[in-house]
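As provided, upload_22.txt (compact mmCIF, C-alpha atoms) reads as follows.
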# COMPACT_ATOMS: atom_id res chain seq x y z
CA MET A 1 203.70 -84.68 188.09
CA THR A 2 203.02 -88.40 187.95
CA THR A 3 199.95 -89.41 189.92
CA ARG A 4 199.09 -92.68 191.57
CA ALA A 5 196.57 -93.28 188.76
CA ASP A 6 199.36 -92.79 186.18
CA ILE A 7 201.54 -95.40 187.86
CA GLU A 8 198.63 -97.83 188.13
CA SER A 9 197.93 -97.35 184.45
CA TYR A 10 201.60 -97.96 183.54
CA LEU A 11 201.59 -101.18 185.58
CA ALA A 12 198.33 -102.37 183.96
CA ARG A 13 199.82 -101.76 180.52
CA MET A 14 203.09 -103.43 181.50
CA ALA A 15 201.08 -106.48 182.51
CA LEU A 16 200.09 -106.56 178.83
CA ARG A 17 203.78 -106.31 177.90
CA ASP A 18 203.57 -102.70 176.76
CA ARG A 19 207.14 -101.52 176.57
CA ALA A 20 206.25 -97.83 176.22
CA ALA A 21 204.52 -98.06 179.60
CA PHE A 22 207.71 -99.55 181.07
CA ASP A 23 209.69 -96.56 179.75
CA LEU A 24 207.17 -94.18 181.33
CA LEU A 25 207.28 -96.01 184.66
CA TYR A 26 211.06 -95.97 184.61
CA ASP A 27 211.15 -92.22 183.92
CA ALA A 28 208.64 -91.54 186.68
CA THR A 29 210.08 -93.72 189.45
CA SER A 30 213.75 -94.62 188.82
CA ALA A 31 215.18 -91.66 190.76
CA LYS A 32 213.09 -92.49 193.80
CA LEU A 33 213.94 -96.19 193.63
CA PHE A 34 217.64 -95.53 192.99
CA GLY A 35 217.62 -93.39 196.14
CA VAL A 36 216.25 -96.39 198.06
CA CYS A 37 218.99 -98.67 196.64
CA LEU A 38 221.69 -96.15 197.54
CA ARG A 39 220.44 -95.72 201.09
CA ILE A 40 220.39 -99.47 201.65
CA LEU A 41 223.59 -100.47 199.86
CA ASN A 42 225.64 -97.27 200.24
CA ASP A 43 227.64 -98.24 197.16
CA ARG A 44 226.89 -96.78 193.73
CA PRO A 45 227.80 -99.68 191.43
CA GLN A 46 225.94 -102.14 193.66
CA ALA A 47 222.94 -99.81 193.86
CA GLU A 48 222.88 -99.62 190.04
CA ASP A 49 222.86 -103.43 189.81
CA ALA A 50 220.10 -103.60 192.42
CA LEU A 51 218.02 -101.03 190.55
CA GLN A 52 218.37 -103.05 187.36
CA ASP A 53 217.28 -106.24 189.16
CA ALA A 54 214.37 -104.39 190.75
CA PHE A 55 213.04 -103.12 187.43
CA MET A 56 213.39 -106.58 185.88
CA ARG A 57 211.33 -108.00 188.71
CA ILE A 58 208.80 -105.17 188.37
CA TRP A 59 208.44 -105.91 184.65
CA GLU A 60 208.03 -109.63 185.33
CA ARG A 61 205.52 -109.19 188.12
CA ALA A 62 203.49 -106.23 186.86
CA ASP A 63 200.48 -108.50 186.40
CA ARG A 64 200.52 -109.39 190.08
CA TYR A 65 200.80 -106.00 191.68
CA ARG A 66 197.18 -105.90 192.84
CA VAL A 67 197.37 -109.25 194.62
CA ASN A 68 198.31 -107.94 198.08
CA GLY A 69 196.51 -104.61 197.94
CA LEU A 70 199.59 -102.41 198.22
CA SER A 71 199.47 -98.93 196.73
CA PRO A 72 201.52 -98.86 193.52
CA MET A 73 204.41 -96.77 194.89
CA THR A 74 204.60 -98.93 198.03
CA TRP A 75 204.65 -102.02 195.84
CA LEU A 76 207.53 -100.62 193.78
CA ILE A 77 209.53 -99.54 196.83
CA THR A 78 208.90 -102.87 198.59
CA ILE A 79 210.21 -104.86 195.61
CA THR A 80 213.23 -102.58 195.35
CA ARG A 81 213.93 -102.75 199.08
CA ASN A 82 213.73 -106.56 199.02
CA VAL A 83 216.12 -106.81 196.06
CA ALA A 84 218.60 -104.43 197.71
CA ILE A 85 218.36 -106.24 201.07
CA ASP A 86 219.04 -109.60 199.37
CA ARG A 87 222.21 -108.12 197.89
CA LEU A 88 223.21 -106.55 201.18
CA ARG A 89 222.77 -109.85 203.04
CA ALA A 90 224.80 -111.68 200.39
CA ARG A 91 227.54 -109.07 200.69
CA ARG A 92 227.49 -109.36 204.47
CA SER A 93 227.74 -113.13 204.50
CA ALA A 94 230.58 -112.94 201.95
CA ALA A 95 232.36 -110.54 204.30
CA GLY A 96 231.81 -112.90 207.25
CA GLY A 97 229.25 -110.61 208.87
CA ALA A 98 231.67 -107.71 209.10
CA ASP A 99 229.81 -105.26 206.86
CA THR A 100 228.95 -102.27 209.01
CA THR A 101 229.13 -99.44 206.50
CA VAL A 102 225.50 -99.21 205.56
CA GLY A 103 222.09 -97.90 206.49
CA GLU A 104 223.46 -95.29 208.87
CA GLU A 105 221.35 -92.57 207.35
CA ALA A 106 218.14 -94.46 208.07
CA LEU A 107 219.23 -95.10 211.63
CA GLU A 108 220.11 -91.45 212.14
CA ARG A 109 216.72 -90.40 210.91
CA VAL A 110 215.08 -92.75 213.39
CA ALA A 111 217.21 -91.24 216.15
CA ASP A 112 216.16 -87.74 215.05
CA ALA A 113 212.47 -88.57 215.08
CA GLY A 114 210.12 -86.20 216.85
CA PRO A 115 209.40 -87.94 220.15
CA THR A 116 206.08 -86.45 221.25
CA PRO A 117 202.59 -87.80 220.56
CA GLU A 118 201.57 -84.30 219.45
CA GLN A 119 204.19 -84.35 216.76
CA ALA A 120 203.06 -87.81 215.76
CA ALA A 121 199.50 -86.56 215.38
CA MET A 122 200.65 -83.54 213.38
CA ALA A 123 202.92 -85.49 211.06
CA SER A 124 201.84 -84.94 207.48
CA SER A 125 203.36 -87.87 205.64
CA GLU A 126 203.20 -91.54 206.54
CA GLY A 127 206.97 -91.52 206.83
CA GLU A 128 206.97 -88.69 209.34
CA LYS A 129 204.28 -90.34 211.39
CA LEU A 130 206.18 -93.62 211.41
CA ARG A 131 209.35 -91.88 212.55
CA ALA A 132 207.45 -90.01 215.24
CA CYS A 133 205.93 -93.26 216.49
CA LEU A 134 209.31 -95.00 216.42
CA GLY A 135 210.51 -92.05 218.50
CA GLU A 136 208.05 -93.07 221.20
CA LEU A 137 209.63 -96.51 221.48
CA PRO A 138 212.72 -97.13 223.61
CA ALA A 139 215.63 -96.11 221.38
CA ASP A 140 217.08 -99.61 221.06
CA ARG A 141 213.75 -101.09 219.87
CA ALA A 142 213.27 -98.34 217.30
CA GLU A 143 216.78 -99.00 216.11
CA ALA A 144 216.05 -102.73 215.85
CA VAL A 145 213.04 -102.08 213.60
CA ALA A 146 215.02 -99.73 211.38
CA ARG A 147 217.98 -102.15 211.21
CA ALA A 148 215.67 -104.96 210.13
CA TYR A 149 214.06 -102.92 207.38
CA MET A 150 216.98 -100.91 206.04
CA MET A 151 219.91 -103.21 206.87
CA GLY A 152 218.24 -106.60 206.67
CA ASP A 153 219.34 -107.62 210.15
CA THR A 154 218.01 -111.01 211.23
CA TYR A 155 216.76 -111.80 214.73
CA GLN A 156 220.08 -113.52 215.40
CA GLU A 157 222.06 -110.47 214.31
CA LEU A 158 219.86 -108.20 216.39
CA ALA A 159 220.20 -110.46 219.45
CA THR A 160 223.98 -110.36 219.10
CA ARG A 161 224.04 -106.60 218.60
CA PHE A 162 221.85 -105.85 221.60
CA ASP A 163 223.42 -108.65 223.61
CA VAL A 164 220.22 -110.48 224.58
CA PRO A 165 219.11 -114.09 224.06
CA LEU A 166 217.41 -114.79 220.72
CA ASN A 167 213.98 -115.45 222.22
CA THR A 168 214.16 -112.28 224.30
CA MET A 169 214.94 -110.35 221.14
CA ARG A 170 211.87 -111.86 219.46
CA THR A 171 209.55 -111.03 222.36
CA TRP A 172 210.99 -107.53 222.59
CA LEU A 173 210.54 -106.73 218.97
CA ARG A 174 207.07 -108.22 218.65
CA ARG A 175 205.95 -106.16 221.64
CA ALA A 176 207.56 -103.07 220.14
CA LEU A 177 205.73 -103.68 216.85
CA MET A 178 202.38 -103.86 218.62
CA THR A 179 203.12 -100.61 220.46
CA LEU A 180 204.11 -99.10 217.16
CA LYS A 181 200.86 -100.25 215.57
CA GLU A 182 198.87 -98.68 218.40
CA CYS A 183 200.64 -95.35 217.92
CA LEU A 184 200.17 -95.43 214.15
CA THR A 185 196.44 -96.11 214.49
CA ARG A 186 195.84 -93.20 216.90
CA MET B 1 192.68 -98.98 210.40
CA SER B 2 189.80 -100.06 212.63
CA ASP B 3 189.65 -103.56 213.94
CA GLY B 4 186.21 -105.09 213.59
CA THR B 5 187.09 -108.56 214.84
CA ASP B 6 185.34 -109.72 217.98
CA GLN B 7 187.03 -109.88 221.36
CA THR B 8 187.73 -113.61 221.39
CA GLN B 9 189.73 -113.25 218.19
CA GLY B 10 191.50 -110.06 219.26
CA GLY B 11 194.58 -111.79 220.65
CA GLU B 12 194.96 -114.05 217.66
CA ARG B 13 194.59 -111.14 215.27
CA ASP B 14 197.22 -109.19 217.23
CA ASP B 15 199.55 -112.13 216.81
CA ASP B 16 198.84 -112.16 213.10
CA ARG B 17 199.42 -108.45 212.92
CA ALA B 18 202.82 -108.85 214.57
CA LEU B 19 203.57 -111.80 212.31
CA ALA B 20 202.71 -109.70 209.24
CA ALA B 21 205.14 -107.03 210.47
CA GLU B 22 207.89 -109.61 210.96
CA TYR B 23 207.25 -110.92 207.46
CA ALA B 24 207.33 -107.40 206.00
CA LEU B 25 210.61 -106.71 207.81
CA GLY B 26 212.11 -109.95 206.51
CA LEU B 27 212.60 -111.33 210.03
CA LEU B 28 210.92 -114.70 209.51
CA GLU B 29 212.98 -117.81 208.80
CA ALA B 30 212.52 -119.14 205.27
CA GLU B 31 210.13 -121.90 206.34
CA ASP B 32 208.00 -119.57 208.50
CA ALA B 33 207.92 -117.02 205.68
CA ARG B 34 206.69 -119.69 203.27
CA VAL B 35 203.93 -120.76 205.68
CA PHE B 36 202.93 -117.13 206.12
CA GLU B 37 202.76 -116.61 202.35
CA GLU B 38 200.50 -119.64 201.98
CA ARG B 39 198.19 -118.40 204.72
CA MET B 40 198.21 -114.91 203.25
CA ALA B 41 197.12 -116.25 199.86
CA ARG B 42 193.95 -117.56 201.51
CA ASP B 43 193.28 -114.90 204.14
CA PRO B 44 192.32 -111.36 203.06
CA ALA B 45 192.71 -110.04 206.63
CA LEU B 46 196.32 -111.21 206.67
CA ARG B 47 196.94 -109.56 203.31
CA ALA B 48 195.48 -106.34 204.71
CA PHE B 49 197.82 -106.50 207.75
CA TYR B 50 200.80 -107.04 205.48
CA ALA B 51 199.77 -104.22 203.11
CA ASP B 52 199.27 -101.93 206.09
CA TRP B 53 202.77 -102.57 207.42
CA CYS B 54 204.32 -102.18 203.99
CA GLU B 55 202.67 -98.76 203.62
CA GLN B 56 204.22 -97.78 206.95
CA PHE B 57 207.68 -99.27 206.58
CA VAL B 58 208.34 -97.72 203.17
CA GLY B 59 208.52 -94.49 205.17
CA LEU B 60 211.87 -95.73 206.48
CA ALA B 61 213.20 -95.87 202.95
CA GLU B 62 212.11 -92.29 202.19
CA GLY B 63 214.77 -89.79 201.30
CA GLU B 64 216.41 -87.94 198.49
CA ASP B 65 215.66 -88.96 194.90
CA VAL B 66 218.80 -89.68 192.88
CA PRO B 67 218.59 -90.03 189.08
CA PRO B 68 220.40 -93.23 188.07
CA PRO B 69 223.03 -93.11 185.30
CA ALA B 70 221.74 -93.76 181.77
CA GLY B 71 223.60 -97.06 181.59
CA VAL B 72 221.07 -98.72 183.89
CA LYS B 73 218.18 -98.16 181.50
CA ALA B 74 220.29 -99.20 178.52
CA ALA B 75 221.25 -102.44 180.30
CA LEU B 76 217.61 -103.08 181.18
CA ASP B 77 216.47 -102.55 177.60
CA ALA B 78 219.16 -104.91 176.35
CA GLU B 79 218.21 -107.51 178.95
CA LEU B 80 214.44 -107.32 178.55
CA PHE B 81 213.89 -106.40 174.92
CA ALA B 82 216.91 -107.59 172.97
CA GLN B 83 215.32 -110.51 171.16
CA THR B 84 213.22 -109.80 168.08
CA SER B 85 210.00 -111.66 167.54
CA ALA B 86 206.44 -110.82 166.66
CA THR B 87 205.62 -110.30 170.31
CA THR B 88 208.58 -108.07 171.08
CA SER B 89 208.01 -105.93 168.05
CA LEU B 90 204.54 -105.44 169.49
CA MET B 91 206.18 -104.12 172.63
CA ARG B 92 208.65 -102.02 170.74
CA TRP B 93 206.41 -99.33 169.44
CA GLY B 94 204.03 -99.43 172.41
CA PHE B 95 200.64 -97.82 172.74
CA GLY B 96 200.24 -94.09 172.73
CA ALA B 97 203.49 -93.59 170.84
CA LEU B 98 203.87 -92.62 167.22
CA VAL B 99 200.58 -90.79 166.91
CA GLY B 100 201.52 -89.37 163.54
CA ALA B 101 202.76 -92.70 162.31
CA ALA B 102 199.48 -94.29 163.38
CA ALA B 103 197.50 -91.84 161.29
CA ALA B 104 199.82 -92.47 158.34
CA ALA B 105 199.53 -96.23 158.79
CA ALA B 106 195.74 -95.99 158.87
CA VAL B 107 195.73 -94.20 155.53
CA ALA B 108 198.19 -96.65 154.02
CA PHE B 109 196.15 -99.53 155.36
CA VAL B 110 192.83 -98.65 153.77
CA SER B 111 194.41 -97.74 150.44
CA LEU B 112 196.38 -100.97 149.97
CA ASN B 113 193.48 -102.90 148.52
CA TYR B 114 195.11 -106.28 148.00
CA VAL B 115 193.51 -108.65 145.57
CA ILE B 116 192.73 -111.68 147.68
CA PRO B 117 193.16 -115.07 146.03
CA ALA B 118 190.27 -116.33 148.14
CA LEU B 119 189.88 -119.85 146.80
CA ASP B 120 190.56 -121.29 150.21
CA GLN B 121 188.91 -119.34 152.92
CA THR B 122 191.13 -118.25 155.80
CA VAL B 123 189.52 -118.11 159.22
CA LEU B 124 191.29 -116.40 162.09
CA GLU B 125 190.22 -116.14 165.68
CA ALA B 126 191.40 -114.15 168.65
CA SER B 127 190.70 -114.29 172.33
CA LEU B 128 191.39 -110.96 174.03
CA GLU B 129 192.03 -110.91 177.76
CA GLY B 130 193.29 -108.35 180.24
CA GLU B 131 193.62 -107.50 183.89
CA VAL B 132 190.39 -105.63 184.44
CA GLY B 133 187.72 -108.14 183.50
CA VAL B 134 187.22 -107.15 179.87
CA SER B 135 187.29 -110.14 177.53
CA VAL B 136 186.53 -110.24 173.86
CA SER B 137 186.24 -112.97 171.28
CA ALA B 138 186.95 -112.08 167.63
CA ARG B 139 186.65 -113.91 164.33
CA TYR B 140 187.80 -113.01 160.83
CA GLU B 141 186.73 -114.75 157.64
CA SER B 142 188.61 -114.00 154.46
CA ALA B 143 185.61 -114.76 152.22
CA SER B 144 183.69 -111.81 153.59
CA GLY B 145 186.76 -109.87 154.72
CA GLU B 146 184.81 -109.09 157.85
CA LEU B 147 186.17 -109.14 161.37
CA VAL B 148 183.58 -109.44 164.10
CA ALA B 149 184.51 -108.87 167.73
CA ALA B 150 182.10 -109.64 170.56
CA ARG B 151 182.64 -108.43 174.08
CA LEU B 152 182.03 -111.31 176.49
CA SER B 153 182.52 -109.39 179.72
CA GLY B 154 183.14 -105.86 180.96
CA SER B 155 181.57 -102.61 179.80
CA PRO B 156 182.81 -99.03 179.43
CA GLY B 157 182.34 -96.55 182.27
CA ALA B 158 180.13 -93.45 181.99
CA GLY B 159 181.35 -91.17 179.23
CA ARG B 160 183.71 -93.86 177.88
CA ASP B 161 183.78 -96.20 174.91
CA HIS B 162 185.71 -99.35 174.13
CA GLU B 163 187.73 -99.10 170.93
CA LEU B 164 189.10 -102.02 168.94
CA TRP B 165 192.61 -101.84 167.42
CA LEU B 166 194.52 -103.90 164.91
CA ILE B 167 198.26 -104.10 165.39
CA LEU B 168 200.42 -105.46 162.59
CA PRO B 169 204.01 -106.44 163.38
CA ASP B 170 206.26 -103.38 163.66
CA GLN B 171 203.40 -100.99 162.96
CA ALA B 172 201.35 -98.60 165.01
CA PRO B 173 197.82 -99.63 166.04
CA VAL B 174 195.03 -98.98 163.54
CA SER B 175 191.52 -98.32 164.83
CA LEU B 176 188.88 -100.82 163.79
CA GLY B 177 186.12 -98.81 165.40
CA LEU B 178 184.07 -98.76 168.58
CA PHE B 179 182.07 -101.43 170.30
CA GLY B 180 178.38 -100.65 169.91
CA ALA B 181 175.63 -100.87 172.50
CA ASP B 182 175.22 -104.53 171.50
CA GLY B 183 178.79 -105.20 172.66
CA ARG B 184 180.02 -105.88 169.13
CA ALA B 185 182.51 -104.24 166.81
CA ILE B 186 182.53 -105.11 163.13
CA ALA B 187 185.31 -104.08 160.76
CA ASP B 188 185.71 -104.48 157.04
CA LEU B 189 189.19 -105.86 156.40
CA SER B 190 188.55 -106.85 152.80
CA GLY B 191 191.43 -104.60 151.80
CA ALA B 192 193.96 -106.64 153.76
CA SER B 193 195.66 -109.89 152.84
CA PRO B 194 194.71 -112.70 155.21
CA ASP B 195 198.41 -113.63 155.34
CA VAL B 196 199.23 -110.25 156.80
CA LEU B 197 196.62 -110.74 159.50
CA VAL B 198 197.99 -114.03 160.80
CA GLY B 199 199.86 -113.16 163.98
CA ALA B 200 198.54 -109.62 164.06
CA VAL B 201 197.26 -108.53 167.43
CA LEU B 202 193.88 -107.14 168.44
CA ALA B 203 193.52 -104.88 171.44
CA VAL B 204 190.73 -103.02 173.22
CA SER B 205 191.38 -99.65 174.79
CA ASP B 206 189.36 -97.41 177.07
CA GLU B 207 188.56 -94.15 175.25
CA PRO B 208 186.35 -91.08 175.61
CA THR B 209 182.86 -91.38 174.08
CA GLY B 210 183.23 -91.41 170.32
CA GLY B 211 186.69 -92.94 170.47
CA SER B 212 190.25 -91.69 170.35
CA THR B 213 190.64 -88.44 168.47
CA THR B 214 194.40 -88.80 168.03
CA GLY B 215 194.45 -91.85 165.77
CA ALA B 216 196.19 -93.86 168.47
CA PRO B 217 194.95 -95.42 171.71
CA THR B 218 194.88 -92.83 174.49
CA GLY B 219 193.46 -94.80 177.43
CA ASP B 220 194.29 -98.03 179.21
CA VAL B 221 194.68 -101.18 177.17
CA LEU B 222 191.96 -103.39 178.62
CA ALA B 223 192.39 -106.61 176.68
CA ILE B 224 194.75 -107.93 174.07
CA GLY B 225 195.29 -111.10 172.05
CA PRO B 226 196.76 -112.40 168.75
CA LEU B 227 194.79 -113.46 165.68
CA THR B 228 195.55 -117.11 165.05
CA LEU B 229 194.60 -119.58 162.37
CA LEU B 230 191.64 -121.68 163.29
Show this structure as structure tokens.
Amino acid sequence: MTTRADIESYLARMALRDRAAFDLLYDATSAKLFGVCLRILNDRPQAEDALQDAFMRIWERADRYRVNGLSPMTWLITITRNVAIDRLRARRSAAGGADTTVGEEALERVADAGPTPEQAAMASSEGEKLRACLGELPADRAEAVARAYMMGDTYQELATRFDVPLNTMRTWLRRALMTLKECLTR
Amino acid sequence: MSDGTDQTQGGERDDDRALAAEYALGLLEAEDARVFEERMARDPALRAFYADWCEQFVGLAEGEDVPPPAGVKAALDAELFAQTSATTSLMRWGFGALVGAAAAAAVAFVSLNYVIPALDQTVLEASLEGEVGVSVSARYESASGELVAARLSGSPGAGRDHELWLILPDQAPVSLGLFGADGRAIADLSGASPDVLVGAVLAVSDEPTGGSTTGAPTGDVLAIGPLTLL
């Protein structure tokens, strides 16, 4: 079982260019991060390329992981998510915006979220609590948040999808995020 | 997370909190994202908002773990570690690996006993730095064969010692001993050729009191740096 302290120690050693630490980090986290790539890109070869890019970036930036105060696993997932989203957006613009085959799993899980505050309070993991709190939002706003994170939708794409003016979409989502924050802090 | 800001700032902070969420979701236009990053670099509260959202949003990416095919790691190794140089050979064996080899190397090292043609003295220096605030300055003089390392900052935690290591190209680390209470470590390298030491690397690791018992570093590498000709 790899602990948070293990991962922090691997990253500290990687910052000193310790290749053995990179091997250990890869063994400990690649399955989790590959899962993230697959869920975002929904295409195995592309997910493999994204995973490779993500680990290159992780190696290059290991010395900076403490800068923003993220926990080590969150830092790794965030880098991986950003790499995969960049690829997804590039793929979508190459396809003229017609790429609709992705991220459905994440959206379904948002739709399945436990809707009651009691369930939110009982949720054991951060992920469960987030889904429970998203479940308290109007369904379209929860979907907008999930689409932005897991599908890389822009405000413009969201406005088109939900058929509202761009500025309305912005106001909507910002308000939804503040409601979400309030629920998460409870 | 509790919000300790006063009431007059509440609205502004809420705006920043929403902005941090938009940034974390990738919803900001490139220019707005850049401005946010600049502000974040200066403002710890903004960094905390961003970190907070990241911790939450990664929950959306949760799901089944899937082991990637072996080709990904092979491609990464080829991409990152293909070139051979003194620095990459340092990476190649890595710390904590080759425990047996380290012990063997240590034996070989002390028994080599080169005859040093020490007409011209060789002086090497190293500046060891790391991520955690430990820094060390080291100096080697071939006339005495002595390497002296002085810790300039950082100290071991309770029940821990700092251990100094010598790393020759393509070889496992060799212990040069512990830093004493005076913050210094002194090693007799009179058995080694000064030529061999040029470009060698010194490192400090965090070890249990009394030092590593395995012959190789067991704890975090705290500071590292090459020996270079003065």
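With distances taken over all atoms listed in the file, B:Glu131 is the one residue among B:Gly157, B:Leu152, B:Glu131, B:Pro226 lying closest to Met14 (chain A).
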By how many Å are CA of Leu33 (chain A) and CA of Lys73 (chain B) apart? 13.0 Å
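For Glu146 (chain B), the residues within 10 Å (counting all atoms listed in the file, excluding itself and residues fewer than 3 positions away along the chain) are Arg139, Tyr140, Glu141, Ser142, Ala143, Ala149, Ile186, Ala187, Asp188, Leu189 and Ser190 of chain B.
Relative to CA of Tyr50 (chain B), CA of Leu27 (chain B) is found at 13.4 Å.
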Using all atoms listed in the file, which residues of chain A come within 6 Å of chain B, and what is the closest atom pair for each, with the distance in Å to one decimal? Give it as a tab-separated table, sorted by chain and residue number.
residue	atom	partner	partner_atom	distance
A:Asp18	CA	B:Met91	CA	5.1
A:Arg19	CA	B:Met91	CA	4.8
A:Ala20	CA	B:Gly94	CA	4.7
A:Ala31	CA	B:Pro67	CA	4.1
A:Lys32	CA	B:Asp65	CA	4.5
A:Phe34	CA	B:Val66	CA	6.0
A:Gly35	CA	B:Asp65	CA	5.0
A:Val36	CA	B:Ala61	CA	5.8
A:Asn68	CA	B:Arg47	CA	5.6
A:Leu70	CA	B:Ala51	CA	5.2
A:Thr74	CA	B:Glu55	CA	5.9
A:Gly127	CA	B:Gly59	CA	3.7
A:Ala148	CA	B:Leu25	CA	5.8
A:Tyr149	CA	B:Leu25	CA	5.1
A:Thr154	CA	B:Leu27	CA	5.6
A:Arg174	CA	B:Ala18	CA	5.9
May I have the selected residues written with C-alpha atoms, as a PDB file, in the coordinates of the input?
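Generated output (again_3.pdb):
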ATOM      1  CA  ASP A  18     203.570-102.700 176.760  1.00  0.00           C
ATOM      2  CA  ARG A  19     207.140-101.520 176.570  1.00  0.00           C
ATOM      3  CA  ALA A  20     206.250 -97.830 176.220  1.00  0.00           C
ATOM      4  CA  ALA A  31     215.180 -91.660 190.760  1.00  0.00           C
ATOM      5  CA  LYS A  32     213.090 -92.490 193.800  1.00  0.00           C
ATOM      6  CA  PHE A  34     217.640 -95.530 192.990  1.00  0.00           C
ATOM      7  CA  GLY A  35     217.620 -93.390 196.140  1.00  0.00           C
ATOM      8  CA  VAL A  36     216.250 -96.390 198.060  1.00  0.00           C
ATOM      9  CA  ASN A  68     198.310-107.940 198.080  1.00  0.00           C
ATOM     10  CA  LEU A  70     199.590-102.410 198.220  1.00  0.00           C
ATOM     11  CA  THR A  74     204.600 -98.930 198.030  1.00  0.00           C
ATOM     12  CA  GLY A 127     206.970 -91.520 206.830  1.00  0.00           C
ATOM     13  CA  ALA A 148     215.670-104.960 210.130  1.00  0.00           C
ATOM     14  CA  TYR A 149     214.060-102.920 207.380  1.00  0.00           C
ATOM     15  CA  THR A 154     218.010-111.010 211.230  1.00  0.00           C
ATOM     16  CA  ARG A 174     207.070-108.220 218.650  1.00  0.00           C
TER      17      ARG A 174
END
Could you tell me how far CA of Leu128 (chain B) sits from CA of Leu76 (chain A), in Å to one decimal place? 27.5 Å
Add whatever atoms are absent from region 215-228 of chain B to reach N, CA and C atoms, and provide the output as an mmCIF file, in the coordinates of the input.
data_model
loop_
_atom_site.group_PDB
_atom_site.id
_atom_site.type_symbol
_atom_site.label_atom_id
_atom_site.label_comp_id
_atom_site.auth_asym_id
_atom_site.auth_seq_id
_atom_site.Cartn_x
_atom_site.Cartn_y
_atom_site.Cartn_z
ATOM 1 N N GLY B 215 194.027 -90.817 166.723
ATOM 2 C CA GLY B 215 194.450 -91.850 165.770
ATOM 3 C C GLY B 215 195.219 -92.960 166.442
ATOM 4 N N ALA B 216 195.495 -92.816 167.720
ATOM 5 C CA ALA B 216 196.190 -93.860 168.470
ATOM 6 C C ALA B 216 195.449 -94.058 169.792
ATOM 7 N N PRO B 217 195.611 -95.223 170.417
ATOM 8 C CA PRO B 217 194.950 -95.420 171.710
ATOM 9 C C PRO B 217 195.422 -94.387 172.717
ATOM 10 N N THR B 218 194.490 -93.826 173.483
ATOM 11 C CA THR B 218 194.880 -92.830 174.490
ATOM 12 C C THR B 218 194.664 -93.349 175.909
ATOM 13 N N GLY B 219 193.760 -94.326 176.079
ATOM 14 C CA GLY B 219 193.460 -94.800 177.430
ATOM 15 C C GLY B 219 194.128 -96.127 177.729
ATOM 16 N N ASP B 220 193.726 -96.731 178.823
ATOM 17 C CA ASP B 220 194.290 -98.030 179.210
ATOM 18 C C ASP B 220 193.991 -99.096 178.161
ATOM 19 N N VAL B 221 194.933 -99.993 177.978
ATOM 20 C CA VAL B 221 194.680 -101.180 177.170
ATOM 21 C C VAL B 221 193.989 -102.192 178.079
ATOM 22 N N LEU B 222 192.770 -102.579 177.724
ATOM 23 C CA LEU B 222 191.960 -103.390 178.620
ATOM 24 C C LEU B 222 192.077 -104.877 178.328
ATOM 25 N N ALA B 223 192.287 -105.198 177.050
ATOM 26 C CA ALA B 223 192.390 -106.610 176.680
ATOM 27 C C ALA B 223 193.181 -106.702 175.388
ATOM 28 N N ILE B 224 193.880 -107.811 175.229
ATOM 29 C CA ILE B 224 194.750 -107.930 174.070
ATOM 30 C C ILE B 224 194.909 -109.418 173.731
ATOM 31 N N GLY B 225 195.082 -109.710 172.438
ATOM 32 C CA GLY B 225 195.290 -111.100 172.050
ATOM 33 C C GLY B 225 195.627 -111.201 170.571
ATOM 34 N N PRO B 226 196.366 -112.242 170.151
ATOM 35 C CA PRO B 226 196.760 -112.400 168.750
ATOM 36 C C PRO B 226 195.676 -113.090 167.918
ATOM 37 N N LEU B 227 195.636 -112.751 166.637
ATOM 38 C CA LEU B 227 194.790 -113.460 165.680
ATOM 39 C C LEU B 227 195.525 -114.726 165.262
ATOM 40 N N THR B 228 194.880 -115.859 165.418
ATOM 41 C CA THR B 228 195.550 -117.110 165.050
ATOM 42 C C THR B 228 194.673 -117.918 164.112
#
